[in-house]
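Peer 1: This is the content of structure-v6.pdb (PDB, C-alpha atoms, pLDDT in the B column):
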ATOM      1  CA  MET B 100     104.341 101.977  88.306  1.00 48.00           C
ATOM      2  CA  ARG B 101     107.882 103.277  88.202  1.00 52.00           C
ATOM      3  CA  ALA B 102     108.855 105.988  90.630  1.00 51.00           C
ATOM      4  CA  SER B 103     110.034 108.308  87.828  1.00 55.00           C
ATOM      5  CA  VAL B 104     106.719 108.054  85.993  1.00 53.00           C
ATOM      6  CA  ARG B 105     104.814 108.544  89.232  1.00 52.00           C
ATOM      7  CA  ARG B 106     106.823 111.664  90.049  1.00 58.00           C
ATOM      8  CA  SER B 107     106.096 113.079  86.586  1.00 61.00           C
ATOM      9  CA  ILE B 108     102.369 112.493  86.966  1.00 57.00           C
ATOM     10  CA  GLN B 109     102.464 113.928  90.482  1.00 56.00           C
ATOM     11  CA  ALA B 110     104.108 117.078  89.135  1.00 60.00           C
ATOM     12  CA  LEU B 111     101.382 117.272  86.491  1.00 61.00           C
ATOM     13  CA  LEU B 112      98.728 116.998  89.200  1.00 54.00           C
ATOM     14  CA  ASP B 113     100.395 119.781  91.177  1.00 58.00           C
ATOM     15  CA  GLY B 114     100.370 121.918  88.043  1.00 58.00           C
ATOM     16  CA  THR B 115      96.704 121.102  87.551  1.00 64.00           C
ATOM     17  CA  ASP B 116      95.980 122.492  91.016  1.00 60.00           C
ATOM     18  CA  MET B 117      97.551 125.811  90.074  1.00 60.00           C
ATOM     19  CA  VAL B 118      95.704 125.948  86.740  1.00 60.00           C
ATOM     20  CA  THR B 119      92.427 125.135  88.513  1.00 63.00           C
ATOM     21  CA  MET B 120      92.931 127.946  91.003  1.00 59.00           C
ATOM     22  CA  LEU B 121      93.765 130.447  88.276  1.00 61.00           C
ATOM     23  CA  ALA B 122      90.812 129.334  86.173  1.00 60.00           C
ATOM     24  CA  GLY B 123      88.480 129.633  89.138  1.00 55.00           C
ATOM     25  CA  ALA B 124      89.774 133.058  90.017  1.00 57.00           C
ATOM     26  CA  ALA B 125      89.561 134.300  86.443  1.00 64.00           C
ATOM     27  CA  SER B 126      86.065 132.897  85.897  1.00 63.00           C
ATOM     28  CA  GLY B 127      84.843 134.337  89.185  1.00 54.00           C
ATOM     29  CA  ALA B 128      86.339 137.712  88.411  1.00 58.00           C
ATOM     30  CA  VAL B 129      84.752 137.824  84.951  1.00 61.00           C
ATOM     31  CA  VAL B 130      81.357 136.786  86.306  1.00 57.00           C
ATOM     32  CA  GLY B 131      81.531 139.192  89.220  1.00 54.00           C
ATOM     33  CA  TYR B 132      82.609 142.137  87.087  1.00 55.00           C
ATOM     34  CA  THR B 133      80.242 141.410  84.188  1.00 62.00           C
ATOM     35  CA  TYR B 134      77.077 140.767  86.165  1.00 55.00           C
ATOM     36  CA  TYR B 135      77.575 143.366  88.872  1.00 54.00           C
ATOM     37  CA  PRO B 136      74.371 145.480  88.891  1.00 60.00           C
ATOM     38  CA  ALA B 137      74.998 148.833  87.263  1.00 57.00           C
ATOM     39  CA  THR B 138      72.522 150.523  89.568  1.00 56.00           C
ATOM     40  CA  LEU B 139      74.610 149.786  92.641  1.00 53.00           C
ATOM     41  CA  ASP B 140      77.615 151.703  93.962  1.00 58.00           C
ATOM     42  CA  ALA B 141      80.496 151.407  91.485  1.00 57.00           C
ATOM     43  CA  ASP B 142      83.053 151.653  94.291  1.00 58.00           C
ATOM     44  CA  LEU B 143      81.898 148.281  95.584  1.00 60.00           C
ATOM     45  CA  ARG B 144      82.389 146.587  92.218  1.00 56.00           C
ATOM     46  CA  LEU B 145      86.036 145.735  92.894  1.00 56.00           C
ATOM     47  CA  ALA B 146      85.286 144.189  96.293  1.00 57.00           C
ATOM     48  CA  ALA B 147      82.348 142.225  94.903  1.00 57.00           C
ATOM     49  CA  THR B 148      84.447 141.012  91.982  1.00 58.00           C
ATOM     50  CA  GLY B 149      87.141 139.795  94.392  1.00 58.00           C
ATOM     51  CA  ALA B 150      84.580 137.960  96.510  1.00 60.00           C
ATOM     52  CA  VAL B 151      83.105 136.221  93.469  1.00 56.00           C
ATOM     53  CA  ALA B 152      86.628 135.371  92.282  1.00 57.00           C
ATOM     54  CA  LEU B 153      87.357 133.661  95.617  1.00 62.00           C
ATOM     55  CA  GLY B 154      84.095 131.772  95.307  1.00 64.00           C
ATOM     56  CA  GLY B 155      85.142 130.641  91.851  1.00 59.00           C
ATOM     57  CA  VAL B 156      88.470 129.382  93.203  1.00 59.00           C
ATOM     58  CA  PHE B 157      86.668 127.434  95.909  1.00 59.00           C
ATOM     59  CA  LEU B 158      84.154 125.948  93.453  1.00 62.00           C
ATOM     60  CA  PHE B 159      86.748 124.930  90.852  1.00 57.00           C
ATOM     61  CA  THR B 160      89.174 123.409  93.378  1.00 67.00           C
ATOM     62  CA  THR B 161      86.360 121.485  95.103  1.00 71.00           C
ATOM     63  CA  VAL B 162      85.215 119.944  91.829  1.00 65.00           C
ATOM     64  CA  ALA B 163      88.790 119.192  90.750  1.00 59.00           C
ATOM     65  CA  ASP B 164      89.619 117.559  94.092  1.00 64.00           C
ATOM     66  CA  ALA B 165      86.524 115.370  93.843  1.00 65.00           C
ATOM     67  CA  LEU B 166      87.441 114.274  90.310  1.00 63.00           C
ATOM     68  CA  LEU B 167      91.126 113.670  91.056  1.00 60.00           C
ATOM     69  CA  ALA B 168      90.690 112.118  94.518  1.00 63.00           C
ATOM     70  CA  PRO B 169      90.963 108.471  93.291  1.00 68.00           C
ATOM     71  CA  VAL B 170      94.151 109.268  91.395  1.00 62.00           C
ATOM     72  CA  ARG B 171      95.683 111.117  94.343  1.00 60.00           C
ATOM     73  CA  ARG B 172      94.739 108.267  96.700  1.00 66.00           C
ATOM     74  CA  ARG B 173      96.414 105.747  94.435  1.00 67.00           C
ATOM     75  CA  PHE B 174      99.607 107.784  94.314  1.00 58.00           C
ATOM     76  CA  ALA B 175      99.542 108.303  98.076  1.00 59.00           C
ATOM     77  CA  GLN B 176      99.285 104.551  98.600  1.00 62.00           C
ATOM     78  CA  ALA B 177     102.146 103.939  96.170  1.00 60.00           C
ATOM     79  CA  ASP B 178     104.299 106.528  97.942  1.00 60.00           C
ATOM     80  CA  ALA B 179     103.528 104.943 101.314  1.00 60.00           C
ATOM     81  CA  ALA B 180     104.468 101.510  99.948  1.00 59.00           C
ATOM     82  CA  ASP B 181     107.751 102.886  98.624  1.00 61.00           C
ATOM     83  CA  MET B 182     108.499 104.484 101.980  1.00 63.00           C
ATOM     84  CA  ARG B 183     107.795 101.219 103.812  1.00 64.00           C
ATOM     85  CA  ALA B 184     109.985  99.275 101.396  1.00 59.00           C
ATOM     86  CA  ALA B 185     112.803 101.793 101.778  1.00 62.00           C
ATOM     87  CA  ALA B 186     112.496 101.661 105.567  1.00 61.00           C
ATOM     88  CA  GLN B 187     112.580  97.874 105.533  1.00 60.00           C
ATOM     89  CA  THR B 188     115.627  97.931 103.285  1.00 60.00           C
ATOM     90  CA  ARG B 189     117.444 100.331 105.599  1.00 60.00           C
ATOM     91  CA  ALA B 190     116.499  98.236 108.632  1.00 61.00           C
ATOM     92  CA  ALA B 191     117.720  95.063 106.935  1.00 59.00           C
ATOM     93  CA  GLU B 192     120.996  96.693 105.951  1.00 56.00           C
ATOM     94  CA  ALA B 193     121.419  98.012 109.502  1.00 56.00           C
ATOM     95  CA  ARG B 194     121.071  94.446 110.779  1.00 60.00           C
ATOM     96  CA  GLY B 195     123.656  93.265 108.299  1.00 62.00           C
ATOM     97  CA  VAL B 196     121.125  91.556 106.029  1.00 65.00           C
ATOM     98  CA  ALA B 197     121.846  92.513 102.449  1.00 71.00           C
ATOM     99  CA  VAL B 198     119.032  93.123 100.000  1.00 75.00           C
ATOM    100  CA  PRO B 199     118.861  89.987  97.796  1.00 75.00           C
ATOM    101  CA  SER B 200     120.113  90.338  94.252  1.00 78.00           C
ATOM    102  CA  GLY B 201     118.064  87.423  92.956  1.00 85.00           C
ATOM    103  CA  LEU B 202     115.594  84.670  93.751  1.00 90.00           C
ATOM    104  CA  GLY B 203     118.300  82.239  94.865  1.00 88.00           C
ATOM    105  CA  GLU B 204     119.752  84.670  97.383  1.00 88.00           C
ATOM    106  CA  ALA B 205     116.256  85.557  98.606  1.00 89.00           C
ATOM    107  CA  LEU B 206     115.521  81.846  99.134  1.00 91.00           C
ATOM    108  CA  ASP B 207     118.721  81.465 101.149  1.00 89.00           C
ATOM    109  CA  GLN B 208     117.743  84.397 103.361  1.00 88.00           C
ATOM    110  CA  VAL B 209     114.214  83.098 103.913  1.00 92.00           C
ATOM    111  CA  THR B 210     115.545  79.623 104.703  1.00 93.00           C
ATOM    112  CA  ALA B 211     117.934  81.044 107.286  1.00 91.00           C
ATOM    113  CA  ALA B 212     115.123  83.156 108.727  1.00 92.00           C
ATOM    114  CA  ALA B 213     112.823  80.107 108.959  1.00 95.00           C
ATOM    115  CA  GLU B 214     115.473  78.131 110.827  1.00 95.00           C
ATOM    116  CA  ASP B 215     116.160  81.019 113.185  1.00 94.00           C
ATOM    117  CA  ASP B 216     112.425  81.524 113.692  1.00 95.00           C
ATOM    118  CA  ALA B 217     111.974  77.873 114.715  1.00 96.00           C
ATOM    119  CA  ALA B 218     114.895  78.091 117.152  1.00 96.00           C
ATOM    120  CA  ARG B 219     113.537  81.257 118.743  1.00 95.00           C
ATOM    121  CA  ARG B 220     110.013  79.851 119.011  1.00 96.00           C
ATOM    122  CA  ALA B 221     111.383  76.763 120.743  1.00 96.00           C
ATOM    123  CA  ALA B 222     113.310  78.937 123.183  1.00 95.00           C
ATOM    124  CA  GLN B 223     110.411  81.331 123.712  1.00 94.00           C
ATOM    125  CA  ALA B 224     107.945  78.558 124.536  1.00 95.00           C
ATOM    126  CA  ALA B 225     110.430  76.694 126.766  1.00 95.00           C
ATOM    127  CA  TYR B 226     108.972  78.420 129.831  1.00 93.00           C
ATOM    128  CA  ARG B 227     106.238  75.802 129.651  1.00 92.00           C
ATOM    129  CA  ILE B 228     108.702  73.157 130.808  1.00 93.00           C
ATOM    130  CA  ASP B 229     111.446  75.288 132.391  1.00 92.00           C
ATOM    131  CA  LEU B 230     110.472  78.313 134.461  1.00 90.00           C
ATOM    132  CA  SER B 231     114.054  78.844 135.590  1.00 87.00           C
ATOM    133  CA  ASP B 232     114.662  80.855 132.387  1.00 80.00           C
ATOM    134  CA  GLN B 233     118.300  79.773 132.487  1.00 83.00           C
ATOM    135  CA  LEU B 234     118.819  76.770 130.253  1.00 88.00           C
ATOM    136  CA  LEU B 235     116.243  76.102 127.567  1.00 94.00           C
ATOM    137  CA  SER B 236     115.305  79.757 126.923  1.00 92.00           C
ATOM    138  CA  ASN B 237     118.581  80.479 125.118  1.00 92.00           C
ATOM    139  CA  PRO B 238     117.826  80.518 121.352  1.00 92.00           C
ATOM    140  CA  GLY B 239     121.521  80.151 120.577  1.00 92.00           C
ATOM    141  CA  ARG B 240     121.450  76.607 121.951  1.00 93.00           C
ATOM    142  CA  TRP B 241     118.571  75.565 119.715  1.00 96.00           C
ATOM    143  CA  ARG B 242     118.984  74.356 116.140  1.00 96.00           C
ATOM    144  CA  GLY B 243     115.961  75.280 114.044  1.00 96.00           C
ATOM    145  CA  TYR B 244     114.731  73.611 110.864  1.00 96.00           C
ATOM    146  CA  ILE B 245     112.649  74.879 107.956  1.00 95.00           C
ATOM    147  CA  ASN B 246     109.728  72.608 108.905  1.00 95.00           C
ATOM    148  CA  GLY B 247     109.292  74.625 112.121  1.00 94.00           C
ATOM    149  CA  GLU B 248     110.864  72.059 114.421  1.00 96.00           C
ATOM    150  CA  ALA B 249     114.018  72.492 116.489  1.00 97.00           C
ATOM    151  CA  SER B 250     116.443  70.437 118.558  1.00 96.00           C
ATOM    152  CA  TYR B 251     118.490  71.156 121.664  1.00 96.00           C
ATOM    153  CA  TYR B 252     121.684  69.189 122.293  1.00 94.00           C
ATOM    154  CA  LEU B 253     121.698  68.179 125.959  1.00 92.00           C
ATOM    155  CA  ALA B 254     124.421  65.551 126.180  1.00 88.00           C
ATOM    156  CA  PRO B 255     126.033  62.864 124.022  1.00 87.00           C
ATOM    157  CA  GLY B 256     123.213  60.712 122.736  1.00 86.00           C
ATOM    158  CA  THR B 257     120.470  62.936 124.229  1.00 91.00           C
ATOM    159  CA  VAL B 258     118.532  65.622 122.374  1.00 94.00           C
ATOM    160  CA  LEU B 259     115.462  67.650 123.311  1.00 95.00           C
ATOM    161  CA  HIS B 260     113.114  68.006 120.353  1.00 96.00           C
ATOM    162  CA  TYR B 261     110.594  70.807 119.758  1.00 97.00           C
ATOM    163  CA  SER B 262     107.542  70.639 117.507  1.00 96.00           C
ATOM    164  CA  ARG B 263     104.013  72.000 117.344  1.00 93.00           C
ATOM    165  CA  GLU B 264     100.962  69.754 117.422  1.00 89.00           C
ATOM    166  CA  GLU B 265      97.223  70.309 117.498  1.00 84.00           C
ATOM    167  CA  SER B 266      95.597  69.516 120.802  1.00 78.00           C
ATOM    168  CA  GLU B 267      92.218  67.851 121.325  1.00 80.00           C
ATOM    169  CA  ARG B 268      90.669  71.328 121.494  1.00 81.00           C
ATOM    170  CA  GLY B 269      92.026  72.161 118.060  1.00 82.00           C
ATOM    171  CA  ILE B 270      94.695  74.536 119.409  1.00 84.00           C
ATOM    172  CA  THR B 271      98.248  74.262 118.108  1.00 87.00           C
ATOM    173  CA  GLU B 272     100.603  73.990 121.072  1.00 92.00           C
ATOM    174  CA  PRO B 273     104.358  73.414 121.482  1.00 94.00           C
ATOM    175  CA  ARG B 274     105.456  69.869 122.262  1.00 95.00           C
ATOM    176  CA  TYR B 275     108.812  68.865 123.726  1.00 97.00           C
ATOM    177  CA  THR B 276     110.125  65.310 123.594  1.00 96.00           C
ATOM    178  CA  LEU B 277     113.355  63.673 124.683  1.00 94.00           C
ATOM    179  CA  LEU B 278     115.256  61.601 122.123  1.00 92.00           C
ATOM    180  CA  THR B 279     118.075  59.298 123.174  1.00 88.00           C
ATOM    181  CA  ALA B 280     120.430  57.027 121.303  1.00 84.00           C
ATOM    182  CA  ASP B 281     119.499  54.096 123.544  1.00 81.00           C
ATOM    183  CA  ASP B 282     115.775  54.264 122.795  1.00 80.00           C
ATOM    184  CA  PRO B 283     114.370  55.870 119.605  1.00 77.00           C
ATOM    185  CA  THR B 284     110.925  56.271 121.204  1.00 87.00           C
ATOM    186  CA  PRO B 285     110.242  59.978 121.917  1.00 92.00           C
ATOM    187  CA  VAL B 286     109.595  60.644 125.614  1.00 92.00           C
ATOM    188  CA  PRO B 287     107.186  63.560 126.297  1.00 94.00           C
ATOM    189  CA  VAL B 288     108.689  66.292 128.466  1.00 95.00           C
ATOM    190  CA  THR B 289     106.375  68.469 130.540  1.00 93.00           C
ATOM    191  CA  ASN B 290     108.905  69.661 133.106  1.00 92.00           C
ATOM    192  CA  VAL B 291     112.641  70.166 133.204  1.00 92.00           C
ATOM    193  CA  ARG B 292     112.599  67.575 135.980  1.00 92.00           C
ATOM    194  CA  ASP B 293     111.771  64.956 133.334  1.00 92.00           C
ATOM    195  CA  ILE B 294     115.095  65.711 131.661  1.00 91.00           C
ATOM    196  CA  LEU B 295     116.915  65.473 134.959  1.00 91.00           C
ATOM    197  CA  ASP B 296     115.288  62.103 135.709  1.00 90.00           C
ATOM    198  CA  ASP B 297     116.629  60.803 132.400  1.00 87.00           C
ATOM    199  CA  LEU B 298     120.117  62.273 132.559  1.00 87.00           C
ATOM    200  CA  ALA B 299     120.900  61.490 136.200  1.00 88.00           C
ATOM    201  CA  PRO B 300     120.810  57.665 135.954  1.00 85.00           C
ATOM    202  CA  ARG B 301     122.621  57.791 132.616  1.00 79.00           C
ATOM    203  CA  ALA B 302     125.356  59.885 134.177  1.00 80.00           C
ATOM    204  CA  ARG B 303     125.658  57.452 137.100  1.00 83.00           C
ATOM    205  CA  LYS B 304     125.831  54.478 134.765  1.00 78.00           C
ATOM    206  CA  THR B 305     128.511  56.191 132.675  1.00 71.00           C
ATOM    207  CA  ALA B 306     130.554  56.899 135.814  1.00 76.00           C
ATOM    208  CA  GLU B 307     130.202  53.285 136.961  1.00 74.00           C
ATOM    209  CA  ASP B 308     131.265  51.966 133.561  1.00 73.00           C
ATOM    210  CA  LEU B 309     134.323  54.217 133.575  1.00 76.00           C
ATOM    211  CA  ALA B 310     135.215  53.097 137.103  1.00 77.00           C
ATOM    212  CA  ALA B 311     134.909  49.468 136.088  1.00 77.00           C
ATOM    213  CA  VAL B 312     137.390  49.754 133.223  1.00 78.00           C
ATOM    214  CA  GLU B 313     139.955  51.794 135.131  1.00 66.00           C
ATOM    215  CA  PRO B 314     142.971  49.716 136.265  1.00 61.00           C
ATOM    216  CA  SER B 315     142.982  49.055 139.992  1.00 53.00           C
ATOM    217  CA  THR B 316     145.637  50.880 141.911  1.00 49.00           C
ATOM    218  CA  VAL B 317     147.986  49.072 144.342  1.00 45.00           C
TER     219      VAL B 317
END
Do you think you could lay out the structure here as C-alpha cells?
Peer 2:
Amino acid sequence: MRASVRRSIQALLDGTDMVTMLAGAASGAVVGYTYYPATLDADLRLAATGAVALGGVFLFTTVADALLAPVRRRFAQADAADMRAAAQTRAAEARGVAVPSGLGEALDQVTAAAEDDAARRAAQAAYRIDLSDQLLSNPGRWRGYINGEASYYLAPGTVLHYSREESERGITEPRYTLLTADDPTPVPVTNVRDILDDLAPRARKTAEDLAAVEPSTV
C-alpha cells in the first residue's frame, strides 16, 4: 500500500476516534439525563449525567478499538517496515552505497557484496590456521568469489585457497588448501607452519637457481 494512501486512511482512523468519543459522550449524556430518577435530588442530575457520559465514552472507545485493532496493527507494521527501509537506505548512503535504480544495478551490488562477504569470512576464520592475527586475518588481502570461496596470493605461483566443506559430523567448516603452479594437487593447510614448510624450500631453490645463472666474478 502506498504511503500517501496509508496516511489518508490513518487520518480517517484518527477522525473516527474523535467521532467515537463524541458519540459516546453524547449518548451517555442523553441516557444519564433522560433516565435520571425524578424522585432524587435534582442538583445531582448534572454530576450523574457527566458520569454516565464518561462511561459512554469509555464503552464506545473500547468497542471501536476492538473492532479497529486489526486495521491499526496492519498500519503499524507497515509504518515500521517503512521506517526500517528508510533507515537501511540512510545507512547504505552513509557507507557510500547508492540505492539501486534497477535490477541490473542491484545485481551488481549483491555480487560485490557476495565477493566481499567471502573474503571477510576467509579472513575471519583464518585464526584456525594462523593465531598470530597478522597475516591471513586481513580481508583486504583475500579475493572473494560469488560461490563463497576465496583466494590469498602468497607468492608467485602459490595461492592459499578458502572454501567451506561439510565434515563427517555434518557440520560445515572452513577448509584451507595450498595451490602451487608446480603441483595442481591441493595441499590441506591446518597451520601457518604448513605454508612456511612449502615456501621455504621453494625460496631456497629459487635463490640457488639465480646464483647458478649469475656470471662468476673474477
Peer 1: For this file, the PyMOL selection byres ((chain B and resi 248-250) around 9) selects which residues, as JSON, numbers by chain?
Peer 2: {"B": [214, 217, 218, 220, 221, 240, 241, 242, 243, 244, 245, 246, 247, 251, 252, 258, 259, 260, 261, 262, 263]}
Peer 1: If you apply the PyMOL selection byres ((chain B and resi 270-279) around 9) to this file, what residues do you get, as an NGL selection string?
Peer 2: :B and (220-221 or 224-225 or 227-228 or 255-269 or 280-289 or 293-294 or 297)
Peer 1: Listed atoms of segment 210-218 of chain B, axis-aligned box, 8 Å per side: centre and edge lengths to one decimal in Å, as lines of an AutoDock Vina configuration file?
Peer 2:
center_x = 115.0
center_y = 80.5
center_z = 110.9
size_x = 22.0
size_y = 21.3
size_z = 28.4
Peer 1: When you draw a straight line from atom CA of Pro238 of chain B to atom CA of Ala213 of chain B, how long is it in Å?
Peer 2: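 So the answer is 13.4 Å.
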Peer 1: So what do you get for atom CA of Arg219 of chain B versus atom CA of Asn290 of chain B, distance-wise?
Peer 2: 19.0 Å
Peer 1: Kindly give the distance, in Å, that separates atom CA of Ala306 of chain B and atom CA of Ser231 of chain B, rounded to a single decimal.
Peer 2: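 A separation of 27.5 Å between them.
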Peer 1: Just add all heavy atoms to segment 220-231 of chain B and send it as a PDB file, keeping the file's coordinate frame.
Peer 2:
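Dumped to rebuild_29.pdb:
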ATOM      1  N   ARG B 220     111.310  80.280 118.499  1.00 96.00           N
ATOM      2  CA  ARG B 220     110.013  79.851 119.011  1.00 96.00           C
ATOM      3  C   ARG B 220     110.187  78.741 120.050  1.00 96.00           C
ATOM      4  O   ARG B 220     109.475  78.702 121.058  1.00 96.00           O
ATOM      5  CB  ARG B 220     109.127  79.372 117.867  1.00 96.00           C
ATOM      6  CG  ARG B 220     108.619  80.494 116.968  1.00 96.00           C
ATOM      7  CD  ARG B 220     107.731  79.956 115.856  1.00 96.00           C
ATOM      8  NE  ARG B 220     107.341  81.026 114.957  1.00 96.00           N
ATOM      9  CZ  ARG B 220     106.290  81.815 115.142  1.00 96.00           C
ATOM     10  NH1 ARG B 220     105.530  81.646 116.207  1.00 96.00           N
ATOM     11  NH2 ARG B 220     106.000  82.768 114.272  1.00 96.00           N
ATOM     12  N   ALA B 221     111.125  77.836 119.785  1.00 96.00           N
ATOM     13  CA  ALA B 221     111.383  76.763 120.743  1.00 96.00           C
ATOM     14  C   ALA B 221     111.888  77.335 122.061  1.00 96.00           C
ATOM     15  O   ALA B 221     111.476  76.907 123.145  1.00 96.00           O
ATOM     16  CB  ALA B 221     112.404  75.787 120.155  1.00 96.00           C
ATOM     17  N   ALA B 222     112.781  78.322 121.965  1.00 95.00           N
ATOM     18  CA  ALA B 222     113.310  78.937 123.183  1.00 95.00           C
ATOM     19  C   ALA B 222     112.251  79.772 123.891  1.00 95.00           C
ATOM     20  O   ALA B 222     112.171  79.780 125.127  1.00 95.00           O
ATOM     21  CB  ALA B 222     114.518  79.804 122.829  1.00 95.00           C
ATOM     22  N   GLN B 223     111.431  80.451 123.124  1.00 94.00           N
ATOM     23  CA  GLN B 223     110.411  81.331 123.712  1.00 94.00           C
ATOM     24  C   GLN B 223     109.347  80.538 124.453  1.00 94.00           C
ATOM     25  O   GLN B 223     108.846  80.956 125.499  1.00 94.00           O
ATOM     26  CB  GLN B 223     109.775  82.178 122.612  1.00 94.00           C
ATOM     27  CG  GLN B 223     108.820  83.235 123.127  1.00 94.00           C
ATOM     28  CD  GLN B 223     108.241  84.070 121.998  1.00 94.00           C
ATOM     29  OE1 GLN B 223     107.881  83.550 120.949  1.00 94.00           O
ATOM     30  NE2 GLN B 223     108.166  85.368 122.203  1.00 94.00           N
ATOM     31  N   ALA B 224     108.988  79.374 123.916  1.00 95.00           N
ATOM     32  CA  ALA B 224     107.945  78.558 124.536  1.00 95.00           C
ATOM     33  C   ALA B 224     108.495  77.620 125.607  1.00 95.00           C
ATOM     34  O   ALA B 224     107.722  76.904 126.249  1.00 95.00           O
ATOM     35  CB  ALA B 224     107.214  77.747 123.464  1.00 95.00           C
ATOM     36  N   ALA B 225     109.818  77.628 125.813  1.00 95.00           N
ATOM     37  CA  ALA B 225     110.430  76.694 126.766  1.00 95.00           C
ATOM     38  C   ALA B 225     110.012  76.972 128.207  1.00 95.00           C
ATOM     39  O   ALA B 225     110.193  76.108 129.072  1.00 95.00           O
ATOM     40  CB  ALA B 225     111.957  76.747 126.645  1.00 95.00           C
ATOM     41  N   TYR B 226     109.431  78.128 128.465  1.00 93.00           N
ATOM     42  CA  TYR B 226     108.972  78.420 129.831  1.00 93.00           C
ATOM     43  C   TYR B 226     107.908  77.429 130.266  1.00 93.00           C
ATOM     44  O   TYR B 226     107.666  77.243 131.463  1.00 93.00           O
ATOM     45  CB  TYR B 226     108.419  79.846 129.911  1.00 93.00           C
ATOM     46  CG  TYR B 226     107.073  80.019 129.266  1.00 93.00           C
ATOM     47  CD1 TYR B 226     105.897  79.850 129.997  1.00 93.00           C
ATOM     48  CD2 TYR B 226     106.960  80.333 127.911  1.00 93.00           C
ATOM     49  CE1 TYR B 226     104.649  79.996 129.407  1.00 93.00           C
ATOM     50  CE2 TYR B 226     105.719  80.469 127.315  1.00 93.00           C
ATOM     51  CZ  TYR B 226     104.573  80.308 128.057  1.00 93.00           C
ATOM     52  OH  TYR B 226     103.348  80.445 127.463  1.00 93.00           O
ATOM     53  N   ARG B 227     107.274  76.771 129.310  1.00 92.00           N
ATOM     54  CA  ARG B 227     106.238  75.802 129.651  1.00 92.00           C
ATOM     55  C   ARG B 227     106.809  74.592 130.384  1.00 92.00           C
ATOM     56  O   ARG B 227     106.094  73.925 131.130  1.00 92.00           O
ATOM     57  CB  ARG B 227     105.520  75.333 128.374  1.00 92.00           C
ATOM     58  CG  ARG B 227     104.721  76.422 127.677  1.00 92.00           C
ATOM     59  CD  ARG B 227     104.216  75.944 126.330  1.00 92.00           C
ATOM     60  NE  ARG B 227     103.389  76.957 125.682  1.00 92.00           N
ATOM     61  CZ  ARG B 227     102.064  76.992 125.731  1.00 92.00           C
ATOM     62  NH1 ARG B 227     101.416  76.070 126.409  1.00 92.00           N
ATOM     63  NH2 ARG B 227     101.395  77.939 125.102  1.00 92.00           N
ATOM     64  N   ILE B 228     108.088  74.311 130.139  1.00 93.00           N
ATOM     65  CA  ILE B 228     108.702  73.157 130.808  1.00 93.00           C
ATOM     66  C   ILE B 228     109.884  73.570 131.685  1.00 93.00           C
ATOM     67  O   ILE B 228     110.416  72.740 132.421  1.00 93.00           O
ATOM     68  CB  ILE B 228     109.176  72.106 129.778  1.00 93.00           C
ATOM     69  CG1 ILE B 228     110.231  72.701 128.843  1.00 93.00           C
ATOM     70  CG2 ILE B 228     107.996  71.563 128.977  1.00 93.00           C
ATOM     71  CD1 ILE B 228     110.867  71.679 127.911  1.00 93.00           C
ATOM     72  N   ASP B 229     110.297  74.840 131.609  1.00 92.00           N
ATOM     73  CA  ASP B 229     111.446  75.288 132.391  1.00 92.00           C
ATOM     74  C   ASP B 229     111.248  76.745 132.788  1.00 92.00           C
ATOM     75  O   ASP B 229     111.597  77.656 132.044  1.00 92.00           O
ATOM     76  CB  ASP B 229     112.740  75.118 131.583  1.00 92.00           C
ATOM     77  CG  ASP B 229     113.971  75.579 132.348  1.00 92.00           C
ATOM     78  OD1 ASP B 229     113.884  75.711 133.594  1.00 92.00           O
ATOM     79  OD2 ASP B 229     115.016  75.806 131.712  1.00 92.00           O
ATOM     80  N   LEU B 230     110.711  76.954 133.982  1.00 90.00           N
ATOM     81  CA  LEU B 230     110.472  78.313 134.461  1.00 90.00           C
ATOM     82  C   LEU B 230     111.730  78.968 135.014  1.00 90.00           C
ATOM     83  O   LEU B 230     111.700  80.145 135.381  1.00 90.00           O
ATOM     84  CB  LEU B 230     109.387  78.297 135.544  1.00 90.00           C
ATOM     85  CG  LEU B 230     107.972  77.955 135.065  1.00 90.00           C
ATOM     86  CD1 LEU B 230     107.012  77.907 136.250  1.00 90.00           C
ATOM     87  CD2 LEU B 230     107.498  78.973 134.036  1.00 90.00           C
ATOM     88  N   SER B 231     112.826  78.253 135.066  1.00 87.00           N
ATOM     89  CA  SER B 231     114.054  78.844 135.590  1.00 87.00           C
ATOM     90  C   SER B 231     114.603  79.916 134.653  1.00 87.00           C
ATOM     91  O   SER B 231     115.356  80.791 135.078  1.00 87.00           O
ATOM     92  CB  SER B 231     115.122  77.761 135.782  1.00 87.00           C
ATOM     93  OG  SER B 231     115.555  77.241 134.527  1.00 87.00           O
TER      94      SER B 231
END
